[in-house]
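A.B. asks: One file is attached below, coords.txt, containing compact mmCIF, C-alpha atoms and all ligand atoms.
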```txt
# COMPACT_ATOMS: atom_id res chain seq x y z
CA MET A 20 -6.03 21.04 -21.30
CA GLY A 21 -4.46 24.40 -22.29
CA LYS A 22 -1.53 24.92 -24.60
CA ARG A 23 0.75 26.01 -21.73
CA TRP A 24 0.01 22.79 -19.91
CA LEU A 25 1.01 20.79 -22.99
CA ILE A 26 4.27 22.72 -23.40
CA GLU A 27 5.15 22.25 -19.72
CA LYS A 28 4.33 18.56 -19.93
CA ARG A 29 6.73 18.09 -22.86
CA ARG A 30 9.45 19.98 -21.02
CA ASP A 31 9.04 17.79 -17.94
CA TYR A 32 12.06 15.59 -17.27
CA TYR A 33 10.16 12.50 -16.07
CA TYR A 34 7.59 12.79 -18.85
CA ARG A 35 10.37 12.64 -21.45
CA LYS A 36 12.21 9.90 -19.58
CA ALA A 37 9.01 7.79 -19.49
CA LYS A 38 8.60 8.22 -23.24
CA GLN A 39 12.22 7.16 -23.86
CA GLU A 40 12.14 4.20 -21.47
CA LYS A 41 8.69 3.10 -22.66
CA TYR A 42 6.87 3.49 -19.38
CA ARG A 43 3.19 4.27 -19.76
CA SER A 44 3.31 7.09 -17.20
CA ARG A 45 5.76 9.50 -15.56
CA ALA A 46 4.30 8.18 -12.28
CA ALA A 47 6.39 5.04 -12.86
CA TYR A 48 9.40 6.97 -11.51
CA LYS A 49 7.61 7.74 -8.27
CA LEU A 50 7.27 4.00 -7.60
CA ILE A 51 10.86 3.33 -8.68
CA GLN A 52 12.12 6.00 -6.24
CA LEU A 53 9.84 4.91 -3.40
CA ASN A 54 10.86 1.30 -3.81
CA ARG A 55 14.55 2.13 -3.95
CA ARG A 56 14.25 3.88 -0.61
CA PHE A 57 11.71 1.72 1.23
CA LYS A 58 12.05 -1.75 -0.33
CA ILE A 59 8.30 -2.23 -0.67
CA LEU A 60 8.47 -4.81 -3.51
CA LYS A 61 10.75 -7.81 -3.99
CA PRO A 62 11.19 -10.57 -6.59
CA GLY A 63 8.48 -13.21 -6.34
CA TYR A 64 5.97 -10.96 -4.55
CA ARG A 65 2.24 -11.12 -5.23
CA VAL A 66 1.02 -7.54 -5.59
CA LEU A 67 -2.45 -5.98 -5.58
CA GLU A 68 -2.40 -2.61 -7.34
CA LEU A 69 -5.30 -0.15 -7.00
CA GLY A 70 -5.89 2.66 -9.50
CA ALA A 71 -3.51 1.15 -12.05
CA ALA A 72 -4.38 2.88 -15.38
CA PRO A 73 -2.62 3.39 -17.73
CA GLY A 74 -0.24 0.80 -16.24
CA GLY A 75 3.07 2.61 -15.58
CA TRP A 76 3.30 1.36 -11.99
CA THR A 77 2.28 -2.11 -13.18
CA GLN A 78 5.27 -2.17 -15.55
CA VAL A 79 7.57 -1.25 -12.65
CA VAL A 80 5.99 -3.87 -10.39
CA ARG A 81 6.44 -6.55 -13.07
CA ASP A 82 10.10 -5.49 -13.56
CA ILE A 83 10.69 -6.02 -9.82
CA VAL A 84 8.62 -9.13 -9.04
CA GLY A 85 9.78 -10.89 -12.21
CA SER A 86 8.30 -14.05 -13.68
CA SER A 87 7.76 -15.76 -10.31
CA GLY A 88 5.60 -12.95 -8.92
CA PHE A 89 2.01 -11.99 -9.71
CA VAL A 90 0.35 -8.61 -10.23
CA VAL A 91 -3.34 -7.76 -10.26
CA GLY A 92 -4.11 -4.18 -11.29
CA ILE A 93 -7.56 -2.60 -10.92
CA ASP A 94 -8.95 0.56 -12.44
CA LEU A 95 -12.22 2.18 -13.43
CA GLN A 96 -10.64 2.65 -16.86
CA ARG A 97 -9.75 -0.06 -19.32
CA ILE A 98 -6.01 -0.85 -19.29
CA GLU A 99 -4.17 -2.04 -22.39
CA PRO A 100 -2.88 -5.54 -21.48
CA LEU A 101 0.83 -6.10 -20.78
CA PRO A 102 2.50 -9.07 -22.50
CA TYR A 103 3.04 -11.17 -19.36
CA GLU A 104 1.13 -14.20 -18.12
CA ASN A 105 1.50 -13.11 -14.50
CA VAL A 106 -0.05 -9.65 -14.93
CA MET A 107 -3.82 -9.35 -14.76
CA PHE A 108 -6.04 -6.28 -15.05
CA ILE A 109 -9.56 -5.95 -13.71
CA ARG A 110 -11.82 -3.12 -14.80
CA GLY A 111 -13.98 -1.89 -11.94
CA ASP A 112 -14.29 0.08 -8.75
CA PHE A 113 -12.09 -1.36 -5.98
CA THR A 114 -14.50 0.01 -3.36
CA SER A 115 -17.37 -2.08 -4.79
CA ARG A 116 -18.59 -5.41 -3.43
CA GLU A 117 -18.29 -7.10 -6.86
CA VAL A 118 -14.62 -6.25 -7.29
CA ARG A 119 -13.80 -7.17 -3.70
CA GLU A 120 -15.43 -10.56 -4.22
CA LYS A 121 -13.45 -11.11 -7.42
CA LEU A 122 -10.20 -10.22 -5.64
CA ARG A 123 -10.85 -12.87 -2.99
CA GLN A 124 -10.82 -15.40 -5.82
CA VAL A 125 -7.91 -14.15 -7.93
CA ILE A 126 -5.48 -12.96 -5.25
CA PRO A 127 -6.59 -14.18 -1.81
CA LYS A 128 -3.23 -13.35 -0.23
CA CYS A 129 -0.35 -11.11 -1.26
CA GLU A 130 2.85 -9.50 0.00
CA ALA A 131 2.05 -5.91 -1.07
CA VAL A 132 -0.97 -3.69 -1.68
CA ILE A 133 -0.16 -0.46 -3.50
CA SER A 134 -2.47 2.36 -4.58
CA ASP A 135 -1.90 5.40 -6.77
CA ALA A 136 -5.65 5.94 -7.04
CA SER A 137 -6.83 9.54 -7.36
CA PRO A 138 -10.41 10.71 -7.00
CA ASP A 139 -11.98 12.89 -9.70
CA ILE A 140 -10.56 16.32 -8.96
CA SER A 141 -13.20 18.95 -8.07
CA GLY A 142 -10.66 21.72 -7.51
CA VAL A 143 -11.94 22.29 -3.96
CA TRP A 144 -9.03 21.30 -1.75
CA SER A 145 -11.02 20.01 1.25
CA VAL A 146 -13.36 17.95 -0.97
CA ASP A 147 -10.52 16.38 -2.96
CA HIS A 148 -8.60 15.69 0.26
CA ALA A 149 -11.61 13.98 1.88
CA ARG A 150 -12.27 11.86 -1.25
CA SER A 151 -8.62 10.86 -1.41
CA VAL A 152 -8.62 9.81 2.26
CA GLU A 153 -11.78 7.77 1.65
CA LEU A 154 -10.01 5.90 -1.18
CA CYS A 155 -7.04 5.31 1.15
CA GLU A 156 -9.32 3.87 3.82
CA ASN A 157 -10.79 1.50 1.26
CA ALA A 158 -7.27 0.54 0.18
CA LEU A 159 -6.34 -0.06 3.83
CA GLY A 160 -9.36 -2.35 4.21
CA LEU A 161 -8.16 -4.39 1.24
CA ALA A 162 -4.62 -4.45 2.64
CA GLU A 163 -5.90 -5.77 5.98
CA GLU A 164 -7.86 -8.48 4.21
CA HIS A 165 -5.25 -9.61 1.67
CA LEU A 166 -1.80 -9.05 3.18
CA GLU A 167 0.33 -11.81 4.60
CA GLN A 168 1.99 -11.08 7.93
CA GLY A 169 4.98 -8.78 7.31
CA GLY A 170 3.44 -7.40 4.08
CA ALA A 171 3.75 -3.85 2.73
CA PHE A 172 1.24 -1.09 1.95
CA LEU A 173 1.81 2.00 -0.17
CA VAL A 174 -0.88 4.57 -0.83
CA LYS A 175 -1.14 8.02 -2.38
CA VAL A 176 -3.00 10.64 -0.37
CA PHE A 177 -3.73 14.33 -0.93
CA GLN A 178 -2.49 16.43 1.96
CA GLY A 179 -4.93 17.87 4.47
CA ASP A 180 -6.07 17.70 8.06
CA LEU A 181 -7.49 14.14 7.87
CA ILE A 182 -4.07 12.65 7.17
CA GLN A 183 -3.06 12.30 10.81
CA ASP A 184 -6.13 10.12 11.54
CA LEU A 185 -5.28 7.97 8.54
CA VAL A 186 -1.67 7.58 9.69
CA ALA A 187 -2.91 6.62 13.18
CA LYS A 188 -5.17 3.93 11.66
CA VAL A 189 -2.34 2.51 9.56
CA LYS A 190 -0.04 2.45 12.61
CA ARG A 191 -2.45 0.07 14.33
CA SER A 192 -1.65 -2.62 11.74
CA PHE A 193 1.94 -1.95 10.60
CA SER A 194 5.27 -1.81 12.46
CA PHE A 195 6.73 0.91 10.19
CA VAL A 196 4.77 3.89 8.80
CA LYS A 197 6.08 6.99 7.03
CA LEU A 198 4.71 9.85 4.90
CA THR A 199 7.02 10.80 2.07
CA LYS A 200 7.17 12.61 -1.27
CA PRO A 201 9.39 11.14 -3.99
CA LYS A 202 11.46 13.46 -6.20
CA ALA A 203 9.35 12.57 -9.27
CA SER A 204 6.22 13.94 -7.55
CA ARG A 205 5.78 17.57 -8.58
CA SER A 206 6.40 19.94 -5.67
CA GLU A 207 3.23 21.90 -6.48
CA SER A 208 1.12 18.72 -6.29
CA ALA A 209 -0.83 18.07 -3.06
CA GLU A 210 0.02 14.36 -3.14
CA VAL A 211 2.20 12.54 -0.66
CA TYR A 212 2.71 8.79 -0.23
CA LEU A 213 2.14 6.78 2.88
CA VAL A 214 4.54 3.84 3.12
CA ALA A 215 3.87 1.06 5.61
CA ARG A 216 5.73 -2.19 6.19
CA GLY A 217 5.51 -5.09 8.61
CA PHE A 218 1.78 -5.86 8.43
CA SER A 219 0.38 -7.54 11.53
CA PRO A 220 -2.97 -9.38 11.59
CA VAL A 221 -3.26 -8.37 15.27
CA LYS A 222 -3.85 -4.65 15.79
CA LYS A 223 -2.14 -2.32 18.20
CA GLY A 224 -4.53 -1.24 20.97
CA GLU A 225 -6.95 -4.18 20.42
CA ILE A 226 -7.82 -6.78 23.03
CA TYR A 227 -7.45 -10.52 22.39
CA GLU A 228 -7.84 -13.77 24.29
CA ALA A 229 -4.52 -15.59 24.50
CA GLU A 230 -3.17 -18.87 25.79
CA VAL A 231 0.47 -18.75 26.87
CA GLU A 232 2.36 -21.62 25.21
CA GLU A 233 5.99 -20.84 26.01
CA VAL A 234 8.15 -18.57 28.12
CA SER A 235 10.90 -16.42 26.58
CA ARG A 236 14.46 -16.22 27.89
CA ARG A 237 13.53 -12.88 29.43
CA GLY A 238 10.66 -14.50 31.29
CA GLU A 239 7.77 -13.18 29.18
CA GLY A 240 4.90 -15.42 28.18
CA ILE A 241 4.59 -16.24 24.48
CA ALA A 242 1.23 -16.75 22.79
CA TYR A 243 0.31 -17.06 19.12
CA ILE A 244 -2.63 -14.89 18.10
CA ASP A 245 -3.78 -15.13 14.46
CA GLY A 246 -0.34 -16.58 13.69
CA VAL A 247 1.52 -13.67 15.30
CA LYS A 248 4.05 -14.36 18.06
CA VAL A 249 3.02 -12.17 21.00
CA PHE A 250 5.21 -11.53 24.05
CA ILE A 251 3.16 -10.95 27.21
CA LYS A 252 4.76 -9.46 30.32
CA GLY A 253 3.92 -11.19 33.59
CA ALA A 254 2.26 -14.25 32.02
CA ALA A 255 3.25 -17.85 32.75
CA ARG A 256 2.99 -21.00 30.63
CA GLY A 257 -0.58 -22.31 30.52
CA ASP A 258 -2.18 -18.97 31.51
CA LYS A 259 -5.34 -18.00 29.65
CA VAL A 260 -5.39 -14.23 29.60
CA LYS A 261 -6.98 -11.19 27.99
CA VAL A 262 -4.28 -9.01 26.51
CA ARG A 263 -3.99 -5.63 24.83
CA ILE A 264 -1.41 -5.27 22.03
CA THR A 265 1.01 -2.48 23.02
CA ALA A 266 3.61 -2.58 20.21
CA LEU A 267 4.09 -4.07 16.75
CA LYS A 268 7.57 -5.15 15.70
CA ARG A 269 8.71 -6.56 12.38
CA ARG A 270 8.34 -10.24 13.36
CA PHE A 271 6.34 -10.17 16.59
CA ALA A 272 4.08 -8.09 18.84
CA GLU A 273 4.15 -7.11 22.50
CA ALA A 274 1.15 -7.14 24.82
CA GLU A 275 0.06 -6.47 28.39
CA ILE A 276 -2.51 -8.32 30.43
CA CYS A 277 -5.68 -6.31 30.88
C1 LIG B 1 -2.87 8.70 -11.24
S1 LIG B 1 -3.78 7.41 -11.99
C2 LIG B 1 -2.73 6.02 -11.72
C3 LIG B 1 -1.48 6.03 -12.55
C4 LIG B 1 -0.71 4.74 -12.47
N1 LIG B 1 -0.06 4.59 -11.18
C5 LIG B 1 0.36 4.63 -13.54
O1 LIG B 1 1.54 4.75 -13.21
O2 LIG B 1 0.00 4.40 -14.71
C6 LIG B 1 -5.08 7.18 -10.84
C7 LIG B 1 -6.12 6.16 -11.26
O3 LIG B 1 -6.96 5.85 -10.15
C8 LIG B 1 -8.17 5.34 -10.71
N2 LIG B 1 -9.21 5.22 -9.68
C9 LIG B 1 -9.70 6.19 -8.87
N3 LIG B 1 -10.66 5.70 -8.07
C10 LIG B 1 -10.79 4.38 -8.36
C11 LIG B 1 -11.62 3.33 -7.87
N4 LIG B 1 -12.51 3.53 -6.89
N5 LIG B 1 -11.48 2.09 -8.41
C12 LIG B 1 -10.57 1.86 -9.39
N6 LIG B 1 -9.76 2.82 -9.88
C13 LIG B 1 -9.85 4.06 -9.39
C14 LIG B 1 -8.48 6.35 -11.81
O4 LIG B 1 -9.38 5.79 -12.76
C15 LIG B 1 -7.07 6.62 -12.37
O5 LIG B 1 -6.83 5.87 -13.53
```
I need this file expressed as structure tokens, please.
C.D. replies:
Amino acid sequence: MGKRWLIEKRRDYYYRKAKQEKYRSRAAYKLIQLNRRFKILKPGYRVLELGAAPGGWTQVVRDIVGSSGFVVGIDLQRIEPLPYENVMFIRGDFTSREVREKLRQVIPKCEAVISDASPDISGVWSVDHARSVELCENALGLAEEHLEQGGAFLVKVFQGDLIQDLVAKVKRSFSFVKLTKPKASRSESAEVYLVARGFSPVKKGEIYEAEVEEVSRRGEGIAYIDGVKVFIKGAARGDKVKVRITALKRRFAEAEIC
């Protein structure tokens, strides 16, 4: 790192604030700002954090979830432990089979999956963008495996032309999806954050077998698919139908017979 870089770093508002407030990274303020706006984390939540070193986000997560929550942070680097019983760090690659197996044991289900993971920077925009999207897709896979219905997903991604495909993939599993850049993220940095809430175990656009158990006041059939309440137009009680999910809402999904 050059001398100019060091001088700029010291002049940086969030860098100094992190030092004063004893956060391990200036990135902590990105999570604070994102959570203030999007309410991703709440007291008592179980949280899986990907790319957690040196632990600034983990400190923020612990502040929010409190003593009744649980945080598991993963990184390739070793992370200095935090003095809480309900914070656990795993050293490893979250895209590897070993780490994924370990996560199934330590945090089978959770309310939020968050990732600030960055690939090694090559300096070639398209390469770094593609690597970042690949990490996001891995994070999304973990979110789909570990999240409870209604859960939240937050992931950092470097801007580029593959982002729209990623957003489309996330929209198949979440009722709310938005790309955003918090104030604490440097304007010259290529990073943006994808925020998603309202996880649904049934995916938009997918086809499922359903058995209609009830009828709503508006006359739609109601089936439960993977625990999700699904409203089906034109279906009557007792019908066994093949349906395609057409919309995800916060607490239910809508489907059409196909
Ligand atoms: C920007 S740092 C995270 C900073 C953190 N949010 C904080 O506030 O302290 C990104 C981290 O992602 C980690 N990372 C990148 N790819 C990873 C992978 N496949 N598995 C685990 N960690 C990874 C890197 O080792 C790096 O420490």
A.B. asks: Let me make sure I understand: among A:Gln39, A:Ser204, A:Gln96, A:Ser141, which one has the smallest atom-to-atom distance to ligand LIG 1 (chain B) if we use all atoms listed in the file?
C.D. replies: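 The shortest atom-to-atom distance to ligand LIG 1 (chain B) comes from A:Gln96.
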A.B. asks: Nearest to ligand LIG 1 (chain B) among A:Ser87, A:Ser208, A:Thr199, A:Gln78, with distances taken over only C-alpha atoms and all ligand atoms: which residue is it?
C.D. replies: A:Gln78
A.B. asks: Just the residues within 12 Å of Leu60 in chain A, please, counting only C-alpha atoms, with nothing from its chain fewer than 4 positions along; format it as a ChimeraX atom specification.
C.D. replies: /A:50-56,64-68,76-77,79-85,88-90,129-133,170-173,214-216
A.B. asks: Set out as JSON lines a contact list for chain A and ligand LIG 1 (chain B) with a cut-off of 6 Å, giving each residue of chain A that qualifies its closest atom pair and distance in Å to one decimal, counting all atoms listed in the file, ordered by chain and rising residue number.
C.D. replies:
```
{"residue": "A:Arg43", "atom": "CA", "partner": "B:LIG1", "partner_atom": "O2", "distance": 6.0}
{"residue": "A:Ser44", "atom": "CA", "partner": "B:LIG1", "partner_atom": "O2", "distance": 4.9}
{"residue": "A:Ala46", "atom": "CA", "partner": "B:LIG1", "partner_atom": "O1", "distance": 4.5}
{"residue": "A:Ala47", "atom": "CA", "partner": "B:LIG1", "partner_atom": "O1", "distance": 4.9}
{"residue": "A:Gly70", "atom": "CA", "partner": "B:LIG1", "partner_atom": "O3", "distance": 3.4}
{"residue": "A:Ala71", "atom": "CA", "partner": "B:LIG1", "partner_atom": "C4", "distance": 4.6}
{"residue": "A:Ala72", "atom": "CA", "partner": "B:LIG1", "partner_atom": "O5", "distance": 4.3}
{"residue": "A:Pro73", "atom": "CA", "partner": "B:LIG1", "partner_atom": "O2", "distance": 4.1}
{"residue": "A:Gly74", "atom": "CA", "partner": "B:LIG1", "partner_atom": "O2", "distance": 3.9}
{"residue": "A:Gly75", "atom": "CA", "partner": "B:LIG1", "partner_atom": "O1", "distance": 3.5}
{"residue": "A:Trp76", "atom": "CA", "partner": "B:LIG1", "partner_atom": "O1", "distance": 4.0}
{"residue": "A:Ile93", "atom": "CA", "partner": "B:LIG1", "partner_atom": "C12", "distance": 5.6}
{"residue": "A:Asp94", "atom": "CA", "partner": "B:LIG1", "partner_atom": "N6", "distance": 3.5}
{"residue": "A:Leu95", "atom": "CA", "partner": "B:LIG1", "partner_atom": "N6", "distance": 4.4}
{"residue": "A:Gln96", "atom": "CA", "partner": "B:LIG1", "partner_atom": "O4", "distance": 5.3}
{"residue": "A:Gly111", "atom": "CA", "partner": "B:LIG1", "partner_atom": "C12", "distance": 5.7}
{"residue": "A:Asp112", "atom": "CA", "partner": "B:LIG1", "partner_atom": "N5", "distance": 3.5}
{"residue": "A:Phe113", "atom": "CA", "partner": "B:LIG1", "partner_atom": "N5", "distance": 4.3}
{"residue": "A:Thr114", "atom": "CA", "partner": "B:LIG1", "partner_atom": "N4", "distance": 5.4}
{"residue": "A:Asp135", "atom": "CA", "partner": "B:LIG1", "partner_atom": "N1", "distance": 4.8}
{"residue": "A:Ala136", "atom": "CA", "partner": "B:LIG1", "partner_atom": "O3", "distance": 3.4}
{"residue": "A:Ser137", "atom": "CA", "partner": "B:LIG1", "partner_atom": "C6", "distance": 4.6}
{"residue": "A:Pro138", "atom": "CA", "partner": "B:LIG1", "partner_atom": "C9", "distance": 4.9}
```
A.B. asks: For the atom pair CA of Tyr48 in chain A and CA of Arg205 in chain A, what is the interatomic distance in Å to one decimal place?
C.D. replies: 11.6 Å
A.B. asks: Using all atoms listed in the file, which residues sit within 7 Å of Tyr212 in chain A once same-chain residues fewer than 5 positions away are excluded, as a PyMOL selection string?
C.D. replies: chain A and resi 173-176+198-200
A.B. asks: When you count only C-alpha atoms, which of these residues is closest to Trp144 in chain A: A:Glu99, A:Asp180, A:Asp245, A:Glu239?
C.D. replies: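 Of the candidates, the smallest distance to Trp144 in chain A is held by A:Asp180.
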A.B. asks: Just checking: using only C-alpha atoms, which residue out of A:Glu117, A:Glu275, A:Asp147, A:Glu230 ends up closest to Ala242 in chain A?
C.D. replies: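 Looking at the shortest contact to Ala242 in chain A, the residue is A:Glu230.
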A.B. asks: Quick one, how far is CA of Tyr34 in chain A from CA of Pro62 in chain A?
C.D. replies: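 Taking CA of Tyr34 in chain A as the start and CA of Pro62 in chain A as the end point, the length is 26.6 Å.
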A.B. asks: In Å, how far is it from CA of Gly224 in chain A to CA of Phe250 in chain A?
C.D. replies: 14.5 Å
A.B. asks: Residues within 7 Å of range 122-128 of chain A, please, as an MDAnalysis selection string. Count all atoms listed in the file; anything in the same chain fewer than 3 positions from it doesn't count.
C.D. replies: chainID A and resid 118:119 165:167
A.B. asks: Pick from A:Leu69, A:Val211, A:Val234, A:Val189: nearest to Ala158 in chain A, with all atoms listed in the file counted?
C.D. replies: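 That would be A:Leu69, the residue with the smallest distance to Ala158 in chain A.
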A.B. asks: Pick out the residues sitting within 6 Å of range 227-229 of chain A, and hand them over as number ranges by chain; count all atoms listed in the file, and ignore anything fewer than 6 positions along from it in its own chain.
C.D. replies: A: 259-262
A.B. asks: Could you name the residues that touch range 190-195 of chain A at 6 Å or less, counting all atoms listed in the file, but leaving out those on the same chain fewer than 5 positions away, as a list of chain:residue names?
C.D. replies: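 So, after excluding close chain neighbours, the residues are A:Ala215, A:Arg216, A:Gly217, A:Phe218, A:Ser219, A:Lys222, A:Lys223, A:Leu267, A:Lys268, A:Arg269.
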A.B. asks: Once 6 Å is added on each side, what centre and edge lengths in Å to one decimal does the axis-aligned box around all listed atoms of range 138-149 of chain A have, as JSON?
C.D. replies:
```
{"center_x": -11.0, "center_y": 16.5, "center_z": -3.9, "size_x": 16.8, "size_y": 23.6, "size_z": 23.6}
```
